[in-house]
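So this block is target.cif, mmCIF, C-alpha atoms:
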```cif
data_query
#
loop_
_atom_site.label_atom_id
_atom_site.label_comp_id
_atom_site.auth_asym_id
_atom_site.auth_seq_id
_atom_site.Cartn_x
_atom_site.Cartn_y
_atom_site.Cartn_z
CA MET A 1102 0.00 0.00 0.00
CA TYR A 1103 2.38 2.74 1.08
CA ALA A 1104 4.64 -0.11 0.11
CA GLN A 1105 3.27 -1.87 -2.97
CA MET A 1106 4.31 -5.18 -4.48
CA VAL A 1107 7.43 -5.64 -2.37
CA LYS A 1108 9.48 -8.57 -3.64
CA THR A 1109 11.04 -11.06 -1.24
CA ASP A 1110 13.50 -13.06 -3.43
CA ALA A 1111 11.52 -16.16 -2.41
CA ASN A 1112 10.49 -18.78 -4.99
CA LYS A 1113 8.31 -20.53 -2.48
CA VAL A 1114 7.66 -20.35 1.24
CA ARG A 1115 9.72 -23.14 2.74
CA ASP A 1116 8.37 -25.20 5.59
CA LEU A 1117 10.33 -25.77 8.78
CA SER A 1118 11.90 -29.02 7.55
CA GLU A 1119 13.52 -27.21 4.61
CA MET A 1120 15.16 -24.56 6.79
CA THR A 1121 18.58 -24.43 8.37
CA GLU A 1122 18.69 -24.59 12.14
CA GLU A 1123 19.21 -20.82 12.37
CA GLU A 1124 16.26 -20.13 10.09
CA ARG A 1125 14.05 -22.49 12.07
CA ALA A 1126 14.95 -20.74 15.34
CA PHE A 1127 14.27 -17.38 13.69
CA GLN A 1128 10.87 -18.48 12.35
CA ALA A 1129 10.01 -19.89 15.77
CA ARG A 1130 10.72 -16.52 17.38
CA ILE A 1131 8.41 -14.82 14.89
CA ASP A 1132 5.73 -17.44 15.42
CA ARG A 1133 5.94 -16.84 19.17
CA GLY A 1134 5.31 -13.14 18.52
CA GLU A 1135 8.79 -12.01 19.56
CA LYS A 1136 10.19 -8.84 18.02
CA ILE A 1137 13.34 -9.10 15.94
CA GLU A 1138 15.89 -6.40 16.76
CA PRO A 1139 18.56 -5.06 14.37
CA THR A 1140 21.51 -6.90 15.96
CA ASP A 1141 19.68 -10.26 16.08
CA TRP A 1142 20.44 -12.92 13.50
CA MET A 1143 18.03 -12.75 10.55
CA PRO A 1144 17.86 -14.38 7.11
CA GLU A 1145 19.29 -12.22 4.34
CA GLY A 1146 15.92 -12.29 2.54
CA TYR A 1147 14.16 -10.88 5.59
CA ARG A 1148 16.68 -8.04 5.84
CA LYS A 1149 16.55 -7.21 2.13
CA THR A 1150 12.76 -7.36 1.93
CA LEU A 1151 12.41 -5.09 4.93
CA ILE A 1152 14.85 -2.56 3.48
CA ARG A 1153 12.72 -2.50 0.31
CA GLN A 1154 9.46 -2.27 2.20
CA ILE A 1155 10.44 0.27 4.86
CA GLY A 1156 12.42 2.28 2.30
CA GLN A 1157 9.45 2.40 -0.06
CA HIS A 1158 7.20 3.35 2.82
CA ALA A 1159 9.58 6.17 3.85
CA HIS A 1160 9.85 7.45 0.27
CA SER A 1161 6.04 7.51 0.06
CA GLU A 1162 5.81 9.71 3.14
CA ILE A 1163 8.35 12.14 1.71
CA VAL A 1164 7.02 12.23 -1.87
CA GLY A 1165 3.51 12.38 -0.37
CA GLN A 1166 4.30 15.85 0.92
CA LEU A 1167 4.36 17.19 -2.64
CA PRO A 1168 0.71 16.93 -3.72
CA GLU A 1169 -0.41 18.52 -0.45
CA GLY A 1170 2.40 21.05 -0.28
CA ASN A 1171 0.97 22.25 -3.57
CA TRP A 1172 -1.95 23.81 -1.64
CA ILE A 1173 -0.23 25.33 1.40
CA THR A 1174 0.09 28.74 -0.19
CA ARG A 1175 -3.48 28.61 -1.49
CA ALA A 1176 -5.38 27.19 1.50
CA PRO A 1177 -8.72 29.01 1.82
CA THR A 1178 -8.19 30.29 5.39
CA LEU A 1179 -5.28 30.88 7.73
CA GLU A 1180 -6.54 28.06 9.96
CA ARG A 1181 -6.69 25.60 7.06
CA LYS A 1182 -3.20 26.67 6.06
CA ALA A 1183 -1.83 26.09 9.58
CA ILE A 1184 -3.51 22.66 9.68
CA LEU A 1185 -2.16 21.67 6.28
CA LEU A 1186 1.34 22.82 7.24
CA ALA A 1187 1.16 20.70 10.40
CA LYS A 1188 -0.03 17.72 8.39
CA VAL A 1189 2.71 18.03 5.79
CA GLN A 1190 5.27 18.42 8.59
CA ASP A 1191 3.96 15.18 10.11
CA GLU A 1192 4.55 13.42 6.80
CA ALA A 1193 8.18 14.56 6.89
CA GLY A 1194 8.41 13.21 10.44
CA HIS A 1195 6.92 9.89 9.36
CA GLY A 1196 9.46 9.63 6.57
CA LEU A 1197 12.26 10.28 9.05
CA TYR A 1198 11.06 7.64 11.55
CA LEU A 1199 10.94 5.13 8.72
CA TYR A 1200 14.31 6.00 7.19
CA CYS A 1201 15.84 5.49 10.65
CA ALA A 1202 14.12 2.11 10.96
CA ALA A 1203 15.50 1.08 7.55
CA GLU A 1204 18.99 2.27 8.48
CA THR A 1205 19.13 -0.13 11.42
CA LEU A 1206 19.24 -2.88 8.76
CA GLY A 1207 22.57 -1.65 7.43
CA VAL A 1208 21.58 0.63 4.56
CA SER A 1209 22.52 4.32 4.71
CA ARG A 1210 20.13 7.24 4.32
CA ASP A 1211 22.04 8.54 1.32
CA GLU A 1212 21.90 5.13 -0.37
CA LEU A 1213 18.11 5.00 0.03
CA ILE A 1214 17.69 8.48 -1.38
CA GLU A 1215 20.03 7.78 -4.28
CA LEU A 1216 18.11 4.58 -5.10
CA LEU A 1217 14.85 6.53 -5.15
CA HIS A 1218 16.30 9.23 -7.39
CA ALA A 1219 17.76 6.62 -9.73
CA GLY A 1220 14.29 5.08 -10.07
CA LYS A 1221 15.48 1.87 -8.42
CA MET A 1222 13.16 2.24 -5.46
CA LYS A 1223 9.49 3.08 -5.65
CA TYR A 1224 7.00 5.13 -3.68
CA SER A 1225 3.24 4.66 -3.55
CA SER A 1226 1.45 5.04 -6.89
CA ILE A 1227 -1.12 7.38 -5.33
CA PHE A 1228 1.27 10.32 -5.15
CA ASN A 1229 1.58 10.44 -8.91
CA TYR A 1230 -1.91 11.89 -9.17
CA PRO A 1231 -2.39 15.66 -9.13
CA THR A 1232 -4.28 17.71 -6.52
CA LEU A 1233 -6.29 19.96 -8.81
CA THR A 1234 -8.66 21.69 -6.39
CA TRP A 1235 -8.92 22.37 -2.66
CA ALA A 1236 -11.42 19.50 -2.42
CA ASP A 1237 -8.60 17.16 -3.43
CA ILE A 1238 -6.83 18.04 -0.18
CA GLY A 1239 -9.95 16.91 1.65
CA ALA A 1240 -10.19 13.73 -0.41
CA VAL A 1241 -6.50 12.94 0.08
CA GLY A 1242 -6.83 13.15 3.87
CA TRP A 1243 -10.07 11.21 3.91
CA LEU A 1244 -9.27 8.49 1.37
CA VAL A 1245 -5.49 8.29 1.03
CA ASP A 1246 -4.72 8.65 4.73
CA GLY A 1247 -7.75 6.45 5.43
CA ALA A 1248 -6.28 3.73 3.22
CA ALA A 1249 -2.86 4.24 4.82
CA ILE A 1250 -4.34 3.74 8.29
CA MET A 1251 -5.97 0.48 7.14
CA ASN A 1252 -2.52 -0.85 6.33
CA GLN A 1253 -0.51 0.74 9.10
CA VAL A 1254 -2.63 -0.25 12.09
CA PRO A 1255 -1.92 -3.98 11.66
CA LEU A 1256 1.75 -3.21 10.87
CA GLN A 1257 2.16 -1.96 14.44
CA ARG A 1258 2.36 -5.70 15.24
CA THR A 1259 5.02 -6.39 12.61
CA SER A 1260 7.92 -8.61 13.65
CA PHE A 1261 10.74 -6.11 13.17
CA GLY A 1262 11.07 -3.99 16.32
CA PRO A 1263 12.17 -0.64 14.82
CA TYR A 1264 9.48 -0.88 12.10
CA SER A 1265 6.81 -1.71 14.64
CA ARG A 1266 7.82 1.19 16.87
CA ALA A 1267 7.85 3.61 13.93
CA MET A 1268 4.36 2.39 12.98
CA ILE A 1269 3.07 2.94 16.50
CA ARG A 1270 4.28 6.55 16.44
CA ILE A 1271 2.86 7.09 12.97
CA CYS A 1272 -0.55 5.62 13.77
CA LYS A 1273 -0.88 7.94 16.76
CA GLU A 1274 -0.57 10.90 14.41
CA GLU A 1275 -2.38 9.56 11.37
CA SER A 1276 -5.91 9.84 12.72
CA PHE A 1277 -5.60 13.64 12.72
CA HIS A 1278 -4.77 13.45 9.02
CA GLN A 1279 -7.86 11.52 8.06
CA ARG A 1280 -10.17 13.60 10.25
CA GLN A 1281 -8.88 16.93 8.93
CA GLY A 1282 -9.50 15.60 5.40
CA TYR A 1283 -13.03 14.53 6.21
CA ASP A 1284 -13.61 17.90 7.88
CA ILE A 1285 -12.70 19.63 4.61
CA MET A 1286 -15.03 17.25 2.72
CA MET A 1287 -17.92 18.02 5.10
CA LYS A 1288 -17.43 21.72 4.59
CA MET A 1289 -17.33 21.35 0.80
CA ALA A 1290 -20.21 18.87 0.62
CA ASN A 1291 -22.41 21.18 2.68
CA GLY A 1292 -21.28 24.29 0.84
CA THR A 1293 -22.40 25.94 -2.38
CA ALA A 1294 -23.40 23.94 -5.45
CA GLU A 1295 -19.95 24.66 -6.88
CA GLN A 1296 -18.22 23.36 -3.73
CA ARG A 1297 -20.36 20.20 -3.76
CA ARG A 1298 -19.43 19.67 -7.38
CA MET A 1299 -15.74 20.01 -6.49
CA ALA A 1300 -16.11 17.51 -3.63
CA GLN A 1301 -17.82 14.97 -5.91
CA ASP A 1302 -15.20 15.55 -8.60
CA ALA A 1303 -12.38 14.91 -6.10
CA LEU A 1304 -14.02 11.65 -5.01
CA ASP A 1305 -14.56 10.64 -8.65
CA ARG A 1306 -10.89 11.12 -9.51
CA LEU A 1307 -9.33 9.73 -6.33
CA TRP A 1308 -11.57 6.74 -5.62
CA TYR A 1309 -9.91 4.19 -7.89
CA PRO A 1310 -6.34 5.41 -7.29
CA SER A 1311 -7.10 4.97 -3.56
CA LEU A 1312 -8.22 1.38 -4.15
CA MET A 1313 -5.01 0.81 -6.11
CA MET A 1314 -2.96 1.78 -3.07
CA PHE A 1315 -3.51 -1.72 -1.65
CA GLY A 1316 -1.91 -3.23 -4.74
CA PRO A 1317 -3.32 -5.96 -7.01
CA SER A 1318 -4.76 -9.13 -5.52
CA ASP A 1319 -1.92 -11.06 -3.91
CA LYS A 1320 -3.75 -14.15 -2.78
CA ASP A 1321 -1.53 -16.26 -5.03
CA SER A 1322 1.67 -14.26 -4.56
CA VAL A 1323 4.63 -16.13 -3.13
CA HIS A 1324 6.13 -12.80 -2.04
CA SER A 1325 3.08 -11.94 0.01
CA ALA A 1326 2.97 -15.43 1.51
CA GLN A 1327 6.63 -15.15 2.52
CA SER A 1328 6.12 -11.64 3.93
CA MET A 1329 3.14 -12.88 5.91
CA ALA A 1330 5.14 -15.81 7.28
CA TRP A 1331 7.72 -13.25 8.44
CA LYS A 1332 4.96 -11.01 9.83
CA ILE A 1333 6.11 -8.01 7.87
CA LYS A 1334 2.76 -8.12 6.11
CA ILE A 1335 -0.26 -8.88 8.20
CA ASN A 1336 -3.24 -8.91 5.81
CA THR A 1337 -3.67 -9.64 2.11
CA ASN A 1338 -4.24 -6.73 -0.23
CA ASP A 1339 -7.81 -7.88 -0.91
CA GLU A 1340 -8.66 -8.06 2.79
CA LEU A 1341 -7.47 -4.52 3.36
CA ARG A 1342 -9.18 -3.17 0.24
CA GLN A 1343 -12.47 -4.80 1.31
CA LYS A 1344 -12.18 -3.29 4.79
CA PHE A 1345 -11.46 0.11 3.30
CA VAL A 1346 -14.50 0.00 1.00
CA ASP A 1347 -16.77 -1.24 3.79
CA GLN A 1348 -15.65 1.58 6.03
CA THR A 1349 -15.77 4.33 3.41
CA VAL A 1350 -19.21 3.78 1.83
CA SER A 1351 -21.20 5.11 4.80
CA GLN A 1352 -18.78 8.03 5.14
CA ALA A 1353 -19.48 8.99 1.53
CA GLU A 1354 -23.23 8.60 2.14
CA TYR A 1355 -23.03 10.96 5.10
CA LEU A 1356 -21.42 13.53 2.83
CA GLY A 1357 -24.16 13.02 0.26
CA LEU A 1358 -21.52 12.07 -2.32
CA THR A 1359 -21.69 9.17 -4.75
CA ILE A 1360 -18.88 6.64 -5.02
CA PRO A 1361 -18.20 6.34 -8.76
CA ASP A 1362 -18.98 2.63 -9.03
CA GLU A 1363 -22.29 1.38 -10.39
CA ASN A 1364 -21.47 -2.14 -9.24
CA LEU A 1365 -21.19 -1.10 -5.61
CA SER A 1366 -23.76 -3.07 -3.62
CA TRP A 1367 -24.06 -4.68 -0.20
CA ASN A 1368 -23.48 -8.42 -0.19
CA ASP A 1369 -25.26 -9.94 2.79
CA GLU A 1370 -23.59 -13.30 2.37
CA LYS A 1371 -20.02 -12.02 2.74
CA GLY A 1372 -21.02 -9.18 5.06
CA GLY A 1373 -19.31 -6.60 2.90
CA TYR A 1374 -19.72 -4.60 -0.27
CA ASP A 1375 -19.21 -5.90 -3.78
CA PHE A 1376 -17.33 -3.32 -5.80
CA SER A 1377 -15.47 -2.83 -9.09
CA GLU A 1378 -11.76 -3.43 -9.34
CA PRO A 1379 -9.66 -0.46 -10.39
CA ASP A 1380 -8.07 -0.48 -13.82
CA TRP A 1381 -4.89 -2.42 -13.09
CA SER A 1382 -3.29 -1.54 -16.41
CA GLU A 1383 -3.39 2.10 -15.25
CA PHE A 1384 -1.77 1.04 -11.98
CA PHE A 1385 1.11 -0.69 -13.78
CA GLU A 1386 1.55 2.30 -16.06
CA VAL A 1387 1.80 4.63 -13.04
CA LEU A 1388 4.18 2.25 -11.29
CA SER A 1389 6.44 2.12 -14.31
CA GLY A 1390 6.74 5.90 -14.36
CA ASN A 1391 3.95 6.97 -16.68
CA GLY A 1392 1.41 8.41 -14.26
CA PRO A 1393 0.19 12.00 -14.54
CA CYS A 1394 2.83 13.42 -12.15
CA ASN A 1395 5.68 10.87 -11.90
CA ARG A 1396 8.19 13.06 -13.67
CA GLU A 1397 7.21 16.21 -11.78
CA ARG A 1398 7.47 14.42 -8.41
CA MET A 1399 10.92 13.02 -9.11
CA GLU A 1400 12.16 16.34 -10.47
CA ALA A 1401 10.98 18.09 -7.30
CA ARG A 1402 12.73 15.53 -5.07
CA VAL A 1403 15.99 15.59 -7.02
CA LYS A 1404 15.97 19.39 -7.13
CA ALA A 1405 15.44 19.63 -3.35
CA TRP A 1406 18.24 17.10 -2.75
CA GLU A 1407 20.73 18.76 -5.10
CA GLU A 1408 19.98 22.33 -4.10
CA GLY A 1409 20.15 21.39 -0.41
CA SER A 1410 23.53 19.77 -0.88
CA TRP A 1411 25.61 22.88 -0.12
CA VAL A 1412 23.62 23.45 3.09
CA ARG A 1413 24.29 19.91 4.29
CA ASP A 1414 27.98 20.28 3.43
CA ALA A 1415 28.28 23.72 5.05
CA LEU A 1416 26.67 22.58 8.31
CA MET A 1417 28.98 19.56 8.43
CA ALA A 1418 32.04 21.71 7.71
CA HIS A 1419 30.98 24.12 10.45
CA ALA A 1420 30.49 21.26 12.92
CA ASN A 1421 33.93 19.83 12.06
CA LYS A 1422 35.55 23.26 12.46
CA LYS A 1423 33.96 23.80 15.87
CA GLU A 1424 34.99 20.32 16.95
CA ALA A 1425 38.58 20.93 15.82
CA ALA A 1426 38.71 24.26 17.67
CA LYS A 1427 37.41 22.58 20.80
CA THR A 1428 40.00 19.80 20.58
CA ALA A 1429 42.78 22.34 20.01
CA ALA A 1430 41.74 24.33 23.09
CA GLU A 1431 41.86 21.23 25.34
CA MET B 346 35.29 12.22 4.03
CA LYS B 347 31.87 10.66 4.48
CA LYS B 348 29.28 13.21 3.49
CA GLU B 349 26.32 11.95 5.47
CA TRP B 350 25.53 13.68 8.76
CA PRO B 351 26.25 11.44 11.74
CA LEU B 352 23.46 9.53 13.45
CA TRP B 353 22.25 10.53 16.93
CA GLU B 354 20.07 8.65 19.39
CA VAL B 355 17.31 10.72 20.95
CA PHE B 356 16.02 10.41 24.52
CA ILE B 357 13.00 12.34 25.76
CA ARG B 358 11.75 12.98 29.28
CA GLY B 359 7.99 12.79 28.89
CA GLN B 360 7.05 14.60 32.07
CA HIS B 361 8.52 15.71 35.38
CA GLY B 362 9.74 12.82 37.49
CA LEU B 363 10.11 10.31 34.65
CA ASN B 364 13.30 8.92 33.09
CA HIS B 365 14.47 10.03 29.71
CA ARG B 366 13.39 7.30 27.28
CA HIS B 367 14.87 6.34 23.95
CA VAL B 368 12.45 7.42 21.21
CA GLY B 369 14.44 7.00 18.02
CA SER B 370 17.32 8.44 16.06
CA LEU B 371 18.08 11.13 13.52
CA HIS B 372 20.89 12.63 11.48
CA ALA B 373 22.43 15.98 12.39
CA PRO B 374 25.79 17.69 11.85
CA ASP B 375 26.34 18.45 15.55
CA ALA B 376 24.74 18.18 18.99
CA GLU B 377 23.04 21.55 18.81
CA MET B 378 21.35 20.73 15.51
CA ALA B 379 20.52 17.25 16.80
CA ILE B 380 18.54 18.82 19.67
CA LYS B 381 16.78 21.18 17.27
CA ASN B 382 15.93 18.38 14.85
CA ALA B 383 14.81 16.13 17.72
CA ARG B 384 12.42 18.84 18.81
CA ASP B 385 10.86 18.91 15.33
CA VAL B 386 10.88 15.18 14.71
CA TYR B 387 9.95 13.76 18.11
CA THR B 388 8.06 16.43 20.10
CA ARG B 389 5.46 17.97 17.78
CA ARG B 390 2.67 17.13 20.24
CA LYS B 391 4.07 17.98 23.68
CA GLU B 392 5.71 14.57 24.02
CA GLY B 393 8.45 15.92 26.25
CA ILE B 394 9.97 18.52 28.51
CA SER B 395 13.63 17.61 28.04
CA ILE B 396 15.75 16.10 25.26
CA TRP B 397 19.05 14.22 25.38
CA VAL B 398 21.00 13.36 22.24
CA ILE B 399 24.07 11.16 21.96
CA PRO B 400 26.07 10.14 18.90
CA SER B 401 24.94 6.60 18.02
CA ALA B 402 28.59 5.62 17.61
CA GLN B 403 29.14 6.34 21.31
CA ILE B 404 26.70 3.69 22.47
CA THR B 405 28.05 0.34 23.60
CA ALA B 406 25.44 -2.40 23.50
CA SER B 407 25.47 -5.84 25.04
CA ASP B 408 26.09 -8.67 22.61
CA PRO B 409 22.77 -10.33 21.67
CA GLY B 410 24.64 -13.66 21.57
CA ALA B 411 25.59 -13.20 25.22
CA LYS B 412 21.96 -12.89 26.27
CA ASP B 413 21.89 -16.18 28.17
CA ALA B 414 25.16 -15.57 29.98
CA LEU B 415 24.01 -12.12 31.02
CA PHE B 416 20.42 -12.66 31.98
CA GLU B 417 19.93 -16.36 32.67
CA PRO B 418 21.44 -16.21 36.20
CA SER B 419 18.60 -14.00 37.42
CA VAL B 420 15.87 -16.37 36.26
CA ASP B 421 16.16 -18.93 39.08
CA LYS B 422 16.60 -16.47 41.94
CA ILE B 423 12.94 -16.20 42.74
CA TYR B 424 13.81 -15.40 46.38
CA ARG B 425 14.65 -11.90 45.13
CA HIS B 426 10.94 -11.24 44.77
CA PRO B 427 8.72 -10.36 47.74
CA SER B 428 6.09 -12.90 46.68
CA PHE B 429 8.59 -15.72 47.48
CA TYR B 430 7.92 -15.24 51.20
CA ASP B 431 4.75 -16.34 52.96
CA ILE B 432 3.87 -13.85 55.67
CA PRO B 433 0.84 -14.77 57.81
CA ASP B 434 -2.22 -12.55 57.43
CA GLU B 435 -2.13 -11.73 61.16
CA VAL B 436 1.08 -9.81 60.64
CA GLY B 437 -0.76 -7.29 58.48
CA LYS B 438 0.45 -5.50 55.40
CA MET B 439 4.15 -5.88 54.73
#
```
Go ahead and express the file in the form of structure tokens.
Amino acid sequence: MYAQMVKTDANKVRDLSEMTEEERAFQARIDRGEKIEPTDWMPEGYRKTLIRQIGQHAHSEIVGQLPEGNWITRAPTLERKAILLAKVQDEAGHGLYLYCAAETLGVSRDELIELLHAGKMKYSSIFNYPTLTWADIGAVGWLVDGAAIMNQVPLQRTSFGPYSRAMIRICKEESFHQRQGYDIMMKMANGTAEQRRMAQDALDRLWYPSLMMFGPSDKDSVHSAQSMAWKIKINTNDELRQKFVDQTVSQAEYLGLTIPDENLSWNDEKGGYDFSEPDWSEFFEVLSGNGPCNRERMEARVKAWEEGSWVRDALMAHANKKEAAKTAAE
Amino acid sequence: MKKEWPLWEVFIRGQHGLNHRHVGSLHAPDAEMAIKNARDVYTRRKEGISIWVIPSAQITASDPGAKDALFEPSVDKIYRHPSFYDIPDEVGKM
């Protein structure tokens, strides 16, 4: 979701009899619900998969600042502007917690950022869609952060200690994000005819990209099965997507907005809604770099990184100079 | 020279009377900036009243492989706990 289609290097999930003694002991710890800490022994696949997953998650938080940052200078009131600033600052914080968690696995911050900029690491597909009107900021908080919460709440129980702790911090803050989004939607949906139209338009454009955030069905994916055995993925993509739809339908009804899916209907038998799948060919296009804003997002990130370079160097040079002066005085 | 800012571990005192607790880490060029960054990254919602930072490289950790040797000896010393001793009810609260 914030991490989509993370590969594990596994061809199949091996059972206990096919594992080395170390791997068996490791799997047993996970099965007992113990947390794995960075200095503990872990299979190379577990380490690599987590670096991919946490790294992708961190990149999503950072790139996710861009579509919302787009509206900070144009927020309709000073209060909305202060709220949006606080939200975007939280996203930066979330990215930092996650980068630190990834770094405990032996990858450096600079390496992660360079991999992102080289297109070798991904971020969530959702942030390649534009935020065209103020209502989009409402819809992003409501739907995108809502979908993120769906995924992140179970990840608080993930087996890797630093990831779990980062998730706990993030989840504490995430509820504000969704509620401020819904608050914007309520205002728009109860506003003028033009505002209602904007709210409906935002829902129309962001509904399917939000469903895509969970990734394609992975019920037959060996990567997902392996990640679930390692407890770095807790639910299947379909389970989370279903939960998200079930939760969101009544919220849309309250707003008096229509979810753009004529197949949406309650299914008594499964106790959930039936709904249309998003267009997965669009998802793969976006993932491979051809979404509406992929190029713009990457350009903004690379520009910020390159233009901030002299500041990072200058602060480090200053710190080294001060340290040298201190040592000389002693 | 390595260009990346060094890593710092951050400890926050949540409220008066409590210990500083490890909350996470961050990169900063020096201690002063580490405190400032820690304020922004870890205390946006009144999570603390005091911050400690220490270069991660300065921390010495126990060897996870030595866990048994370090901690096993305390497992069987149940007499260190007050519940080991039966005190008659007549004696009152103790």
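Of the residues under consideration (A:Arg1133, A:Arg1280, A:Arg1402, A:Lys1113), A:Arg1280 shows the shortest atom-to-atom contact distance to Ile1250 in chain A when counting only C-alpha atoms.
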Once you count only C-alpha atoms, which residues of chain B turn out to be within 7 Å of chain A? Could you give them as a PyMOL selection string? chain B and resi 349-350+370-371+374-375+386+409
Can you pull out the residues contacting Ala376 in chain B? Cut-off 9 Å, using all atoms listed in the file, and skip same-chain residues under 5 positions away; I want them as a ChimeraX atom specification. /A:1420 /B:353,381,398-400
What is the distance, in Å and to one decimal place, between CA of Asn1336 in chain A and CA of Ser1265 in chain A? 15.2 Å
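Applied to the file shown here, the PyMOL selection byres ((chain A and resi 1162) around 9) selects the residues Tyr1103, Gln1157, His1158, Ala1159, His1160, Ser1161, Ile1163, Val1164, Gly1165, Gln1166, Glu1192, Ala1193, Gly1194, His1195, Gly1196, Leu1197, Leu1199, Tyr1224 and Ser1225 of chain A.
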Could you work out how far CA of Met1251 in chain A lies from CA of Leu1151 in chain A, giving the answer in Å with one decimal? 19.3 Å
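Residue nearest Gln1348 in chain A within the list A:Asp1116, A:Asn1291, A:Met1299, A:Gly1247: A:Gly1247 [criterion: smallest interatomic distance, all atoms listed in the file].
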Hits of the PyMOL selection byres ((chain B and resi 395) around 6) in this structure, as a ChimeraX atom specification: /B:357-358,393-394,396
With distances taken over only C-alpha atoms, which of A:Ile1227, A:Trp1235, A:Gly1207, A:Pro1379 is nearest to Thr1178 in chain A? A:Trp1235
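If all atoms listed in the file are the atoms counted, then among A:Gly1409, A:Lys1273, A:Cys1394, A:Lys1221 the closest residue to Arg390 in chain B is A:Lys1273.
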For CA of His1278 in chain A and CA of Thr388 in chain B, quote the distance in Å rounded to one decimal. 17.2 Å
Could you list, as a tab-separated table (two decimals) with C-alpha atoms, in the frame of the given file, every residue matched by the PyMOL selection byres ((chain A and resi 1182) around 12) in this structure?
```tsv
chain	number	residue	atom	x	y	z
A	1169	GLU	CA	-0.41	18.52	-0.45
A	1170	GLY	CA	2.40	21.05	-0.28
A	1171	ASN	CA	0.97	22.25	-3.57
A	1172	TRP	CA	-1.95	23.81	-1.64
A	1173	ILE	CA	-0.23	25.33	1.40
A	1174	THR	CA	0.09	28.74	-0.19
A	1175	ARG	CA	-3.48	28.61	-1.49
A	1176	ALA	CA	-5.38	27.19	1.50
A	1177	PRO	CA	-8.72	29.01	1.82
A	1178	THR	CA	-8.19	30.29	5.39
A	1179	LEU	CA	-5.28	30.88	7.73
A	1180	GLU	CA	-6.54	28.06	9.96
A	1181	ARG	CA	-6.69	25.60	7.06
A	1183	ALA	CA	-1.83	26.09	9.58
A	1184	ILE	CA	-3.51	22.66	9.68
A	1185	LEU	CA	-2.16	21.67	6.28
A	1186	LEU	CA	1.34	22.82	7.24
A	1187	ALA	CA	1.16	20.70	10.40
A	1188	LYS	CA	-0.03	17.72	8.39
A	1189	VAL	CA	2.71	18.03	5.79
A	1235	TRP	CA	-8.92	22.37	-2.66
A	1238	ILE	CA	-6.83	18.04	-0.18
A	1281	GLN	CA	-8.88	16.93	8.93
A	1285	ILE	CA	-12.70	19.63	4.61
```
Can you list, as a ChimeraX atom specification, every protein, DNA or RNA residue that comes within 12 Å of Glu1215 in chain A when you count all atoms listed in the file, leaving out same-chain residues fewer than 2 positions away? /A:1156,1160,1208-1213,1217-1223,1399,1402-1403,1406-1407
Do a neighbour search on Tyr1355 in chain A at 12 Å with only C-alpha atoms, toss out local chain neighbours closer than 3 positions, and write the hits as a list in words. Tyr1283, Met1286, Met1287, Ala1290, Asn1291, Gln1348, Thr1349, Val1350, Ser1351, Gln1352, Leu1358, Thr1359 and Ile1360 of chain A
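With distances taken over all atoms listed in the file, B:Arg384 is the one residue among B:His372, B:Val436, B:Glu377, B:Arg384 lying closest to Phe356 in chain B.
Nearest residue to Pro1393 in chain A, choosing from A:Ile1155, A:Ser1226, A:Asp1246, A:Lys1371 and counting all atoms listed in the file: A:Ser1226.
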Write out as number ranges by chain which residues come within 7 Å of Lys1320 in chain A when counting only C-alpha atoms, dropping same-chain ones fewer than 2 positions away. A: 1318, 1322, 1337
